$ cat work16.cif   # mmCIF, C-alpha atoms and all ligand atoms
data_query
loop_
_atom_site.label_atom_id
_atom_site.label_comp_id
_atom_site.auth_asym_id
_atom_site.auth_seq_id
_atom_site.Cartn_x
_atom_site.Cartn_y
_atom_site.Cartn_z
CA MET A 1209 -22.61 -6.86 -49.70
CA ASN A 1210 -25.78 -5.52 -51.21
CA TYR A 1211 -25.27 -7.15 -54.59
CA GLU A 1212 -27.22 -9.95 -56.25
CA PHE A 1213 -26.19 -13.59 -55.77
CA GLU A 1214 -24.12 -13.92 -58.96
CA THR A 1215 -22.12 -10.82 -58.10
CA ARG A 1216 -21.50 -11.95 -54.53
CA ALA A 1217 -20.37 -15.39 -55.78
CA VAL A 1218 -17.54 -13.63 -57.63
CA HIS A 1219 -16.71 -10.85 -55.19
CA ALA A 1220 -17.72 -11.60 -51.59
CA GLY A 1221 -14.57 -12.10 -49.50
CA GLN A 1222 -12.53 -11.92 -52.70
CA ASP A 1223 -11.16 -8.36 -52.68
CA PRO A 1224 -7.88 -7.85 -54.54
CA GLU A 1225 -4.78 -8.00 -52.37
CA LYS A 1226 -4.09 -4.67 -50.68
CA GLU A 1227 -0.31 -4.68 -51.00
CA THR A 1228 0.10 -5.71 -54.65
CA GLY A 1229 -3.32 -5.24 -56.24
CA ALA A 1230 -3.30 -8.91 -57.26
CA VAL A 1231 -6.87 -9.66 -58.37
CA ILE A 1232 -6.41 -13.19 -57.07
CA PRO A 1233 -4.76 -12.83 -53.66
CA ALA A 1234 -1.78 -15.08 -52.97
CA ILE A 1235 -2.60 -18.32 -51.13
CA SER A 1236 -1.60 -17.70 -47.54
CA MET A 1237 0.57 -20.69 -46.64
CA SER A 1238 2.12 -19.29 -43.46
CA THR A 1239 1.30 -21.28 -40.33
CA THR A 1240 2.16 -18.38 -38.02
CA PHE A 1241 1.94 -14.60 -38.04
CA ARG A 1242 4.37 -12.04 -36.67
CA GLN A 1243 3.10 -9.93 -33.81
CA ASP A 1244 4.11 -6.26 -33.30
CA GLY A 1245 4.05 -6.73 -29.53
CA VAL A 1246 2.77 -9.54 -27.31
CA GLY A 1247 -0.89 -10.05 -28.22
CA ASN A 1248 -0.73 -7.21 -30.72
CA HIS A 1249 -1.44 -8.92 -34.05
CA LYS A 1250 -3.31 -8.18 -37.27
CA GLY A 1251 -6.14 -10.67 -36.67
CA TYR A 1252 -4.13 -13.84 -37.29
CA GLU A 1253 -1.91 -15.75 -34.85
CA TYR A 1254 -1.80 -19.38 -35.88
CA SER A 1255 -3.23 -20.90 -39.04
CA ARG A 1256 -5.47 -23.55 -37.42
CA THR A 1257 -7.21 -20.78 -35.50
CA GLY A 1258 -7.48 -18.44 -38.46
CA ASN A 1259 -6.04 -18.26 -41.96
CA PRO A 1260 -6.53 -15.44 -44.49
CA THR A 1261 -7.31 -17.73 -47.45
CA ARG A 1262 -9.76 -19.79 -45.40
CA HIS A 1263 -11.26 -16.59 -44.08
CA ARG A 1264 -11.98 -15.40 -47.64
CA LEU A 1265 -13.77 -18.67 -48.36
CA GLU A 1266 -15.76 -18.40 -45.12
CA GLN A 1267 -16.88 -14.87 -45.98
CA GLN A 1268 -17.77 -15.87 -49.53
CA VAL A 1269 -20.04 -18.77 -48.50
CA ALA A 1270 -21.55 -16.81 -45.59
CA SER A 1271 -22.53 -14.10 -48.06
CA LEU A 1272 -24.17 -16.61 -50.41
CA GLU A 1273 -26.18 -18.14 -47.56
CA ASN A 1274 -27.20 -14.70 -46.21
CA ALA A 1275 -25.31 -15.58 -43.04
CA LYS A 1276 -23.32 -13.54 -40.57
CA TYR A 1277 -20.72 -16.27 -40.01
CA GLY A 1278 -19.05 -19.01 -42.05
CA LEU A 1279 -16.73 -21.72 -40.74
CA GLY A 1280 -14.62 -23.90 -43.00
CA PHE A 1281 -13.93 -27.59 -42.32
CA ALA A 1282 -11.72 -30.25 -43.87
CA SER A 1283 -14.75 -32.18 -45.20
CA GLY A 1284 -18.52 -32.27 -44.97
CA SER A 1285 -18.06 -35.14 -42.52
CA SER A 1286 -15.83 -33.11 -40.22
CA ALA A 1287 -18.40 -30.29 -40.33
CA THR A 1288 -21.03 -32.84 -39.26
CA ALA A 1289 -18.74 -34.20 -36.52
CA SER A 1290 -17.96 -30.73 -35.18
CA ILE A 1291 -21.66 -29.86 -35.02
CA GLN A 1292 -22.32 -33.09 -33.12
CA LEU A 1293 -19.57 -32.15 -30.65
CA MET A 1294 -21.74 -29.19 -29.63
CA LEU A 1295 -24.05 -31.71 -27.94
CA ASN A 1296 -23.68 -33.28 -24.51
CA GLU A 1297 -23.89 -36.82 -23.22
CA GLY A 1298 -27.51 -37.94 -22.99
CA ASP A 1299 -28.87 -35.56 -25.63
CA HIS A 1300 -31.50 -36.72 -28.10
CA ILE A 1301 -31.58 -35.78 -31.78
CA ILE A 1302 -34.42 -36.07 -34.29
CA THR A 1303 -33.11 -36.89 -37.77
CA ALA A 1304 -34.71 -37.15 -41.19
CA ASP A 1305 -34.44 -40.75 -42.31
CA ASP A 1306 -32.64 -40.74 -45.64
CA VAL A 1307 -29.71 -38.53 -44.66
CA TYR A 1308 -26.30 -38.99 -46.25
CA GLY A 1309 -25.00 -42.51 -45.50
CA GLY A 1310 -21.87 -41.19 -43.81
CA THR A 1311 -23.95 -38.92 -41.56
CA TYR A 1312 -26.04 -41.89 -40.46
CA ARG A 1313 -22.86 -43.91 -39.92
CA PHE A 1314 -21.34 -41.18 -37.74
CA PHE A 1315 -24.49 -40.82 -35.64
CA ASP A 1316 -25.13 -44.53 -35.30
CA LYS A 1317 -21.60 -45.96 -34.99
CA VAL A 1318 -19.75 -43.11 -33.26
CA MET A 1319 -21.95 -40.68 -31.34
CA ARG A 1320 -24.15 -43.39 -29.86
CA ARG A 1321 -21.07 -44.62 -28.00
CA PHE A 1322 -21.23 -41.33 -26.10
CA ASN A 1323 -24.81 -42.00 -25.06
CA LEU A 1324 -26.49 -39.71 -27.57
CA SER A 1325 -29.70 -41.08 -29.05
CA TYR A 1326 -31.18 -40.55 -32.50
CA ASP A 1327 -34.72 -40.97 -33.83
CA TYR A 1328 -34.98 -41.28 -37.61
CA THR A 1329 -38.18 -40.32 -39.36
CA GLY A 1330 -39.54 -39.76 -42.84
CA ASP A 1331 -42.34 -37.56 -41.50
CA MET A 1332 -41.21 -34.07 -40.49
CA SER A 1333 -44.74 -32.74 -39.81
CA LYS A 1334 -45.24 -30.87 -36.52
CA GLU A 1335 -47.58 -33.62 -35.27
CA ASN A 1336 -44.95 -36.30 -35.78
CA LEU A 1337 -42.11 -34.14 -34.41
CA GLN A 1338 -44.24 -33.54 -31.32
CA LYS A 1339 -44.57 -37.32 -30.90
CA LEU A 1340 -40.80 -37.78 -31.13
CA LEU A 1341 -39.95 -34.88 -28.82
CA LYS A 1342 -38.36 -35.84 -25.49
CA PRO A 1343 -37.28 -33.73 -22.52
CA ASN A 1344 -33.66 -34.23 -23.62
CA THR A 1345 -34.16 -33.41 -27.33
CA ARG A 1346 -31.65 -30.76 -28.37
CA MET A 1347 -31.38 -30.86 -32.14
CA ILE A 1348 -33.19 -31.62 -35.39
CA TRP A 1349 -31.02 -32.68 -38.33
CA MET A 1350 -32.34 -32.77 -41.85
CA GLU A 1351 -31.31 -32.84 -45.45
CA THR A 1352 -33.56 -31.41 -48.14
CA PRO A 1353 -33.76 -32.52 -50.85
CA SER A 1354 -32.70 -35.82 -49.36
CA ASN A 1355 -30.31 -38.38 -50.69
CA PRO A 1356 -30.91 -40.50 -52.76
CA LEU A 1357 -34.72 -40.19 -52.92
CA LEU A 1358 -34.89 -36.39 -53.15
CA LYS A 1359 -37.67 -36.02 -50.59
CA VAL A 1360 -38.37 -32.39 -49.84
CA PHE A 1361 -39.07 -31.29 -46.26
CA ASP A 1362 -40.69 -27.99 -45.31
CA ILE A 1363 -37.88 -26.04 -43.66
CA ASN A 1364 -40.23 -23.28 -42.47
CA THR A 1365 -42.48 -25.67 -40.56
CA VAL A 1366 -39.64 -27.60 -38.97
CA ALA A 1367 -37.92 -24.33 -38.03
CA GLU A 1368 -41.08 -23.12 -36.27
CA PHE A 1369 -41.24 -26.33 -34.30
CA ALA A 1370 -37.54 -26.07 -33.42
CA ARG A 1371 -37.93 -22.46 -32.25
CA ASP A 1372 -41.00 -23.27 -30.12
CA ASN A 1373 -39.15 -26.11 -28.43
CA ASN A 1374 -35.71 -24.57 -28.10
CA LEU A 1375 -34.02 -27.00 -30.47
CA ILE A 1376 -31.15 -26.34 -32.85
CA LEU A 1377 -32.24 -26.97 -36.43
CA VAL A 1378 -29.41 -28.08 -38.72
CA VAL A 1379 -30.01 -28.29 -42.47
CA ASP A 1380 -27.55 -30.08 -44.71
CA ASN A 1381 -27.89 -27.94 -47.86
CA THR A 1382 -25.36 -29.85 -49.97
CA PHE A 1383 -27.82 -31.07 -52.61
CA ALA A 1384 -29.50 -27.73 -53.25
CA SER A 1385 -26.48 -25.42 -52.85
CA PRO A 1386 -27.02 -21.83 -51.71
CA TYR A 1387 -28.08 -20.86 -55.23
CA ILE A 1388 -31.25 -22.95 -54.97
CA GLN A 1389 -32.26 -22.41 -51.35
CA ASN A 1390 -31.09 -20.55 -48.24
CA PRO A 1391 -32.35 -22.42 -45.16
CA LEU A 1392 -31.24 -19.70 -42.71
CA ASP A 1393 -33.80 -17.38 -44.34
CA LEU A 1394 -36.44 -20.02 -43.57
CA GLY A 1395 -35.47 -20.26 -39.90
CA ALA A 1396 -32.70 -22.88 -39.72
CA ASP A 1397 -30.02 -22.26 -37.07
CA LEU A 1398 -27.07 -23.95 -38.74
CA VAL A 1399 -26.59 -24.82 -42.40
CA MET A 1400 -23.86 -27.20 -43.45
CA HIS A 1401 -22.43 -28.21 -46.82
CA SER A 1402 -20.14 -30.82 -48.13
CA SER A 1403 -18.32 -28.30 -50.31
CA THR A 1404 -16.79 -31.32 -52.05
CA LYS A 1405 -19.95 -31.31 -54.15
CA TYR A 1406 -21.62 -28.28 -55.81
CA LEU A 1407 -19.68 -25.54 -54.03
CA GLY A 1408 -16.31 -26.84 -55.25
CA GLY A 1409 -18.00 -28.15 -58.37
CA HIS A 1410 -14.98 -29.72 -60.09
CA SER A 1411 -14.45 -32.99 -58.19
CA ASP A 1412 -10.97 -31.93 -57.15
CA VAL A 1413 -11.27 -30.86 -53.51
CA VAL A 1414 -12.83 -32.30 -50.35
CA GLY A 1415 -14.26 -29.74 -47.95
CA GLY A 1416 -17.06 -28.71 -45.61
CA ILE A 1417 -18.58 -25.48 -44.40
CA VAL A 1418 -21.10 -24.36 -41.79
CA VAL A 1419 -22.91 -21.01 -41.73
CA THR A 1420 -25.07 -19.37 -39.07
CA ASN A 1421 -26.54 -16.05 -37.95
CA SER A 1422 -26.32 -16.88 -34.26
CA ASP A 1423 -23.45 -15.24 -32.34
CA LYS A 1424 -23.68 -17.96 -29.71
CA LEU A 1425 -23.62 -20.93 -32.09
CA ALA A 1426 -20.83 -19.33 -34.14
CA ASP A 1427 -18.73 -18.91 -30.98
CA GLU A 1428 -19.30 -22.49 -29.88
CA LEU A 1429 -18.50 -23.85 -33.30
CA ARG A 1430 -15.44 -21.68 -33.78
CA PHE A 1431 -14.18 -23.01 -30.46
CA LEU A 1432 -14.65 -26.57 -31.76
CA GLN A 1433 -13.19 -25.75 -35.18
CA ASN A 1434 -10.05 -24.62 -33.38
CA SER A 1435 -10.04 -27.30 -30.65
CA ALA A 1436 -10.74 -30.31 -32.87
CA GLY A 1437 -8.78 -28.74 -35.71
CA ALA A 1438 -10.56 -30.28 -38.70
CA ILE A 1439 -9.79 -27.30 -40.92
CA PRO A 1440 -9.33 -27.07 -44.70
CA SER A 1441 -5.83 -26.30 -46.00
CA PRO A 1442 -5.16 -22.88 -47.56
CA PHE A 1443 -4.85 -24.50 -50.98
CA ASP A 1444 -8.16 -26.34 -50.61
CA SER A 1445 -9.81 -23.13 -49.40
CA TRP A 1446 -8.49 -21.33 -52.46
CA LEU A 1447 -9.71 -24.06 -54.84
CA LEU A 1448 -13.15 -23.87 -53.26
CA SER A 1449 -13.36 -20.09 -53.60
CA ARG A 1450 -12.33 -20.44 -57.22
CA GLY A 1451 -15.05 -23.01 -57.90
CA ILE A 1452 -17.76 -21.06 -56.09
CA LYS A 1453 -17.42 -18.10 -58.46
CA THR A 1454 -19.20 -20.10 -61.18
CA LEU A 1455 -21.78 -21.75 -58.89
CA PRO A 1456 -24.78 -19.84 -60.31
CA LEU A 1457 -23.92 -20.73 -63.92
CA ARG A 1458 -23.31 -24.35 -63.04
CA MET A 1459 -26.49 -24.75 -60.98
CA GLN A 1460 -28.58 -23.31 -63.80
CA ARG A 1461 -27.14 -25.78 -66.29
CA HIS A 1462 -27.24 -28.75 -63.88
CA SER A 1463 -30.91 -28.07 -63.12
CA GLU A 1464 -31.99 -27.39 -66.69
CA SER A 1465 -30.40 -30.62 -67.96
CA ALA A 1466 -31.56 -32.70 -64.96
CA LEU A 1467 -35.17 -31.67 -65.56
CA LYS A 1468 -34.89 -32.66 -69.24
CA ILE A 1469 -33.38 -36.01 -68.28
CA ALA A 1470 -36.07 -36.58 -65.63
CA ASN A 1471 -38.77 -35.92 -68.23
CA TYR A 1472 -37.04 -38.24 -70.69
CA LEU A 1473 -36.77 -41.02 -68.08
CA GLU A 1474 -40.41 -40.70 -67.13
CA LYS A 1475 -41.40 -41.64 -70.69
CA ASN A 1476 -39.13 -44.68 -70.70
CA GLU A 1477 -40.93 -48.00 -70.22
CA SER A 1478 -38.15 -49.70 -68.29
CA VAL A 1479 -38.20 -46.97 -65.64
CA SER A 1480 -40.85 -47.59 -63.00
CA ARG A 1481 -40.36 -44.36 -61.07
CA VAL A 1482 -38.39 -41.11 -61.38
CA TYR A 1483 -37.45 -38.97 -58.38
CA TYR A 1484 -36.83 -35.30 -59.17
CA PRO A 1485 -38.17 -32.41 -57.04
CA HIS A 1486 -39.38 -30.25 -59.94
CA LEU A 1487 -41.17 -33.07 -61.71
CA GLU A 1488 -44.96 -32.81 -61.40
CA SER A 1489 -45.20 -36.47 -60.39
CA HIS A 1490 -42.93 -35.87 -57.36
CA ASN A 1491 -44.66 -36.36 -53.98
CA ASP A 1492 -43.52 -32.97 -52.72
CA TYR A 1493 -43.80 -31.08 -56.03
CA GLN A 1494 -45.73 -28.05 -54.70
CA LEU A 1495 -43.41 -27.58 -51.76
CA ALA A 1496 -40.36 -28.10 -53.97
CA LYS A 1497 -41.59 -25.38 -56.33
CA GLU A 1498 -42.02 -22.96 -53.42
CA GLN A 1499 -38.88 -23.80 -51.51
CA MET A 1500 -36.38 -24.44 -54.30
CA ARG A 1501 -35.50 -21.92 -56.95
CA LEU A 1502 -34.52 -24.78 -59.32
CA GLY A 1503 -34.79 -28.57 -59.15
CA GLY A 1504 -31.06 -29.23 -58.73
CA GLY A 1505 -28.77 -31.61 -60.59
CA ILE A 1506 -29.62 -35.00 -59.07
CA VAL A 1507 -32.11 -37.45 -60.60
CA SER A 1508 -32.82 -40.89 -59.17
CA PHE A 1509 -34.93 -43.60 -60.77
CA ASP A 1510 -36.04 -47.19 -60.26
CA LEU A 1511 -35.21 -49.98 -62.67
CA GLU A 1512 -36.72 -53.43 -62.28
CA ASN A 1513 -34.00 -55.03 -60.17
CA LYS A 1514 -30.35 -55.08 -59.13
CA GLU A 1515 -29.13 -57.01 -62.21
CA ILE A 1516 -30.71 -54.59 -64.65
CA ALA A 1517 -29.48 -51.56 -62.69
CA GLU A 1518 -25.92 -52.91 -62.61
CA LYS A 1519 -25.93 -53.81 -66.30
CA PHE A 1520 -27.32 -50.37 -67.20
CA LEU A 1521 -24.64 -48.65 -65.13
CA SER A 1522 -21.86 -50.66 -66.72
CA GLU A 1523 -23.11 -49.69 -70.21
CA LEU A 1524 -22.93 -45.92 -69.62
CA LYS A 1525 -19.95 -44.23 -71.24
CA LEU A 1526 -20.25 -40.50 -70.74
CA PHE A 1527 -21.73 -40.83 -67.23
CA TYR A 1528 -18.87 -42.21 -65.15
CA LEU A 1529 -19.80 -44.93 -62.70
CA ALA A 1530 -18.58 -43.29 -59.50
CA GLU A 1531 -19.61 -42.07 -56.06
CA SER A 1532 -19.99 -38.38 -55.24
CA LEU A 1533 -21.91 -35.70 -57.11
CA GLY A 1534 -22.01 -32.03 -57.95
CA GLY A 1535 -19.07 -31.83 -60.36
CA VAL A 1536 -19.09 -30.55 -63.93
CA GLU A 1537 -18.85 -34.14 -65.20
CA SER A 1538 -21.87 -36.44 -65.10
CA LEU A 1539 -21.76 -39.38 -62.71
CA ALA A 1540 -23.99 -42.38 -62.13
CA GLU A 1541 -24.08 -44.73 -59.19
CA TYR A 1542 -25.90 -47.56 -57.47
CA PRO A 1543 -26.90 -46.28 -53.98
CA PRO A 1544 -27.73 -49.67 -52.34
CA THR A 1545 -24.10 -50.84 -52.40
CA MET A 1546 -22.17 -47.65 -53.14
CA THR A 1547 -23.11 -44.38 -51.36
CA HIS A 1548 -25.63 -46.06 -49.05
CA GLY A 1549 -23.76 -49.33 -48.55
CA SER A 1550 -23.23 -48.59 -44.85
CA ILE A 1551 -26.99 -48.73 -44.24
CA GLU A 1552 -28.37 -52.16 -43.32
CA PRO A 1553 -30.54 -53.76 -46.09
CA GLU A 1554 -33.68 -53.78 -43.89
CA ARG A 1555 -33.32 -50.09 -43.11
CA ARG A 1556 -32.74 -49.31 -46.79
CA LYS A 1557 -36.05 -51.04 -47.59
CA GLU A 1558 -37.86 -49.09 -44.87
CA ILE A 1559 -36.57 -45.80 -46.24
CA GLY A 1560 -37.65 -46.82 -49.74
CA ILE A 1561 -34.28 -47.37 -51.41
CA ASN A 1562 -35.19 -50.12 -53.87
CA ASP A 1563 -32.81 -52.72 -55.32
CA GLY A 1564 -33.16 -51.23 -58.81
CA LEU A 1565 -32.38 -47.65 -57.78
CA VAL A 1566 -29.94 -45.61 -59.86
CA ARG A 1567 -28.76 -42.08 -59.01
CA LEU A 1568 -27.47 -39.64 -61.60
CA SER A 1569 -25.48 -36.50 -60.93
CA VAL A 1570 -26.12 -34.54 -64.10
CA GLY A 1571 -23.09 -32.54 -65.19
CA ILE A 1572 -22.81 -29.53 -67.46
CA GLU A 1573 -22.10 -31.39 -70.73
CA ASN A 1574 -24.50 -31.02 -73.66
CA VAL A 1575 -27.77 -32.58 -72.51
CA ASN A 1576 -28.40 -34.28 -75.86
CA ASP A 1577 -25.14 -36.18 -75.51
CA LEU A 1578 -26.18 -37.21 -72.00
CA ILE A 1579 -29.60 -38.43 -73.12
CA LYS A 1580 -28.01 -40.38 -75.99
CA ASP A 1581 -25.66 -42.03 -73.51
CA ILE A 1582 -28.61 -43.10 -71.34
CA GLN A 1583 -30.56 -44.31 -74.37
CA ASN A 1584 -27.59 -46.35 -75.62
CA ALA A 1585 -27.16 -47.95 -72.20
CA PHE A 1586 -30.87 -48.86 -72.14
CA ASP A 1587 -30.65 -50.32 -75.65
CA ARG A 1588 -27.78 -52.57 -74.58
CA THR A 1589 -29.41 -53.55 -71.28
CA ILE A 1590 -33.07 -54.22 -71.94
C1 LIG B 1 -20.89 -35.91 -49.43
C2 LIG B 1 -21.89 -35.50 -48.46
C3 LIG B 1 -21.57 -35.34 -47.10
C4 LIG B 1 -20.19 -35.67 -46.56
O1 LIG B 1 -19.25 -34.77 -47.04
P1 LIG B 1 -17.69 -35.16 -47.31
O2 LIG B 1 -17.17 -33.88 -47.88
O3 LIG B 1 -17.67 -36.29 -48.27
O4 LIG B 1 -17.11 -35.52 -46.01
C5 LIG B 1 -22.56 -34.90 -46.25
N1 LIG B 1 -23.81 -34.63 -46.68
C6 LIG B 1 -24.16 -34.80 -47.98
C7 LIG B 1 -25.56 -34.50 -48.40
C8 LIG B 1 -23.23 -35.23 -48.90
O5 LIG B 1 -23.59 -35.41 -50.18
#

$ encode --input "work16.cif" --output "structure tokens" --more "lines below"
Ligand SMILES: *Cc1c(COP(=O)(O)O)cnc(C)c1O
Amino acid sequence: MNYEFETRAVHAGQDPEKETGAVIPAISMSTTFRQDGVGNHKGYEYSRTGNPTRHRLEQQVASLENAKYGLGFASGSSATASIQLMLNEGDHIITADDVYGGTYRFFDKVMRRFNLSYDYTGDMSKENLQKLLKPNTRMIWMETPSNPLLKVFDINTVAEFARDNNLILVVDNTFASPYIQNPLDLGADLVMHSSTKYLGGHSDVVGGIVVTNSDKLADELRFLQNSAGAIPSPFDSWLLSRGIKTLPLRMQRHSESALKIANYLEKNESVSRVYYPHLESHNDYQLAKEQMRLGGGIVSFDLENKEIAEKFLSELKLFYLAESLGGVESLAEYPPTMTHGSIEPERRKEIGINDGLVRLSVGIENVNDLIKDIQNAFDRTI
């Protein structure tokens, strides 16, 4: 489709149904498809292998990521797992250090049992990657902006290094969403999303998706999608497609409000540090401005200690104290024991996740109401 992003969000893969003209095609619940003769089918045989509703979702997200192929999964975690299954025993992977807690858990507690090894690093410069490179290195895995500290890594530079050394570069683009950045355009080989977050956008469906331009990687992954079978249901696929249509509007509002809240927090005396990519004080501000169309909807900040952070969180009313992110409703959480609880305390310290850290997922409510809620919680805490 040659249309702009907003138009593709609504229309890519979402043509009206041919038979009835239904603008919203019926959800295709059938598990099997009638063949005219043996092997003579209309593109679908069995619903794990291919499903029309899932296919529409896959085309929609592929279009938004400027990708040739999209592959739907039952969750972001199953997308991660399926990508890891592309590797072989003995392979080595270089990973950015503050990746999603569940990703770290899967690498460290599951894949290592199959003799894969992982090096975690906060420095994705070519010099450092060169130092970490081994003869058996096959993949680089990174998340940008990262979670929960919103570090921004230069996708272009890492992609060049990956290309020169024949490595597969995977970018987890969950936090930015395709509206804010398209890592394939910058040289990534595979881009994955937990579509549970911004793509779905309404906190009512768990899902994952991977996109790529490589025929070879798409074939390998489609084989694994079918063999391991971690696919999204037709209903979940439909819910995701429905949510994605408003992604551009939501991302604009999330980002606009998050920037206002980040600015507000920076002026607050009880906040020692604010992490937001489009804040001038951010370590990677210049890069974030170049690489990200907007700053995104997540803001993290440091309070003095655990007690103050916990009290503050319990005093919020409009921000729900809950895990996850990317929905229309605002959420707040305490990474050390919630989303990043599976990371050992020493490693958390190394990464820079302090005991007073709070993470906000800024929703699409009126920003003045959100700021009032934060102010009230501060007034009752400090
Ligand atoms: C939530 C999340 C995942 C895992 O996705 P699920 O859909 O929860 O399985 C992976 N990466 C990031 C950045 C996430 O936020």

$ atom_distance --input "work16.cif" --atom1 "CA of Thr1547 (chain A)" --atom2 "CA of Glu1518 (chain A)"
14.4 Å

$ atom_distance --input "work16.cif" --atom1 "CA of Phe1314 (chain A)" --atom2 "atom C7 of ligand LIG 1 (chain B)"
13.3 Å

$ residues_near_ligand --input "work16.cif" --ligand "ligand LIG 1 (chain B)" --cutoff "10 Å" --atoms "all atoms listed in the file" --output "VMD selection string"
chain A and resid 1281 to 1289 1306 to 1312 1350 to 1356 1379 to 1384 1400 to 1406 1413 to 1417 1531 to 1534 1547

$ closest_residue --input "work16.cif" --among "A:Lys1424, A:Lys1557, A:Arg1450, A:Arg1567" --to "Val1269 (chain A)" --atoms "all atoms listed in the file"
A:Arg1450

$ residues_near_point --input "work16.cif" --point "(-20.4, -39.0, -69.1)" --cutoff "9 Å" --atoms "only C-alpha atoms" --output "list in words"
Leu1524, Lys1525, Leu1526, Phe1527, Tyr1528, Leu1529, Glu1537, Ser1538, Leu1539, Ala1540, Val1570, Gly1571, Glu1573, Asp1577, Leu1578 and Asp1581 of chain A

$ write_last_selection --input "work16.cif" --atoms "C-alpha atoms" --output "CSV table (one decimal), keeping the file's coordinate frame"
chain,number,residue,atom,x,y,z
A,1524,LEU,CA,-22.9,-45.9,-69.6
A,1525,LYS,CA,-20.0,-44.2,-71.2
A,1526,LEU,CA,-20.2,-40.5,-70.7
A,1527,PHE,CA,-21.7,-40.8,-67.2
A,1528,TYR,CA,-18.9,-42.2,-65.2
A,1529,LEU,CA,-19.8,-44.9,-62.7
A,1537,GLU,CA,-18.8,-34.1,-65.2
A,1538,SER,CA,-21.9,-36.4,-65.1
A,1539,LEU,CA,-21.8,-39.4,-62.7
A,1540,ALA,CA,-24.0,-42.4,-62.1
A,1570,VAL,CA,-26.1,-34.5,-64.1
A,1571,GLY,CA,-23.1,-32.5,-65.2
A,1573,GLU,CA,-22.1,-31.4,-70.7
A,1577,ASP,CA,-25.1,-36.2,-75.5
A,1578,LEU,CA,-26.2,-37.2,-72.0
A,1581,ASP,CA,-25.7,-42.0,-73.5

$ atom_distance --input "work16.cif" --atom1 "CA of Ala1217 (chain A)" --atom2 "CA of Gly1409 (chain A)"
13.2 Å

$ residues_around --input "work16.cif" --residues "Ala1426 (chain A)" --least-positions-apart "5" --cutoff "8 Å" --atoms "only C-alpha atoms" --output "PyMOL selection string"
chain A and resi 1277+1420-1421

$ write_last_selection --input "work16.cif" --atoms "C-alpha atoms" --output "mmCIF file, in the frame of the given file"
data_model
loop_
_atom_site.group_PDB
_atom_site.id
_atom_site.type_symbol
_atom_site.label_atom_id
_atom_site.label_comp_id
_atom_site.auth_asym_id
_atom_site.auth_seq_id
_atom_site.Cartn_x
_atom_site.Cartn_y
_atom_site.Cartn_z
ATOM 1 C CA TYR A 1277 -20.720 -16.270 -40.010
ATOM 2 C CA THR A 1420 -25.070 -19.370 -39.070
ATOM 3 C CA ASN A 1421 -26.540 -16.050 -37.950
#

$ closest_residue --input "work16.cif" --among "A:Leu1358, A:Leu1279, A:Thr1239, A:Val1246" --to "Asp1427 (chain A)" --atoms "only C-alpha atoms"
A:Leu1279

$ closest_residue --input "work16.cif" --among "A:Ser1325, A:Ser1445, A:Gln1292, A:Asn1476" --to "Leu1511 (chain A)" --atoms "all atoms listed in the file"
A:Asn1476

$ residues_around --input "work16.cif" --residues "Asn1274 (chain A)" --least-positions-apart "3" --cutoff "12 Å" --atoms "all atoms listed in the file" --output "PDB file with C-alpha atoms, in the frame of the given file"
ATOM      1  CA  MET A1209     -22.610  -6.860 -49.700  1.00  0.00           C
ATOM      2  CA  ASN A1210     -25.780  -5.520 -51.210  1.00  0.00           C
ATOM      3  CA  TYR A1211     -25.270  -7.150 -54.590  1.00  0.00           C
ATOM      4  CA  GLU A1212     -27.220  -9.950 -56.250  1.00  0.00           C
ATOM      5  CA  PHE A1213     -26.190 -13.590 -55.770  1.00  0.00           C
ATOM      6  CA  ARG A1216     -21.500 -11.950 -54.530  1.00  0.00           C
ATOM      7  CA  ALA A1217     -20.370 -15.390 -55.780  1.00  0.00           C
ATOM      8  CA  ALA A1220     -17.720 -11.600 -51.590  1.00  0.00           C
ATOM      9  CA  GLN A1267     -16.880 -14.870 -45.980  1.00  0.00           C
ATOM     10  CA  GLN A1268     -17.770 -15.870 -49.530  1.00  0.00           C
ATOM     11  CA  VAL A1269     -20.040 -18.770 -48.500  1.00  0.00           C
ATOM     12  CA  ALA A1270     -21.550 -16.810 -45.590  1.00  0.00           C
ATOM     13  CA  SER A1271     -22.530 -14.100 -48.060  1.00  0.00           C
ATOM     14  CA  TYR A1277     -20.720 -16.270 -40.010  1.00  0.00           C
ATOM     15  CA  GLY A1278     -19.050 -19.010 -42.050  1.00  0.00           C
ATOM     16  CA  PRO A1386     -27.020 -21.830 -51.710  1.00  0.00           C
ATOM     17  CA  TYR A1387     -28.080 -20.860 -55.230  1.00  0.00           C
ATOM     18  CA  GLN A1389     -32.260 -22.410 -51.350  1.00  0.00           C
ATOM     19  CA  ASN A1390     -31.090 -20.550 -48.240  1.00  0.00           C
ATOM     20  CA  PRO A1391     -32.350 -22.420 -45.160  1.00  0.00           C
ATOM     21  CA  LEU A1392     -31.240 -19.700 -42.710  1.00  0.00           C
ATOM     22  CA  ASP A1393     -33.800 -17.380 -44.340  1.00  0.00           C
ATOM     23  CA  LEU A1394     -36.440 -20.020 -43.570  1.00  0.00           C
ATOM     24  CA  GLY A1395     -35.470 -20.260 -39.900  1.00  0.00           C
ATOM     25  CA  ALA A1396     -32.700 -22.880 -39.720  1.00  0.00           C
ATOM     26  CA  LEU A1398     -27.070 -23.950 -38.740  1.00  0.00           C
ATOM     27  CA  VAL A1399     -26.590 -24.820 -42.400  1.00  0.00           C
ATOM     28  CA  VAL A1419     -22.910 -21.010 -41.730  1.00  0.00           C
ATOM     29  CA  THR A1420     -25.070 -19.370 -39.070  1.00  0.00           C
ATOM     30  CA  ASN A1421     -26.540 -16.050 -37.950  1.00  0.00           C
TER      31      ASN A1421
END
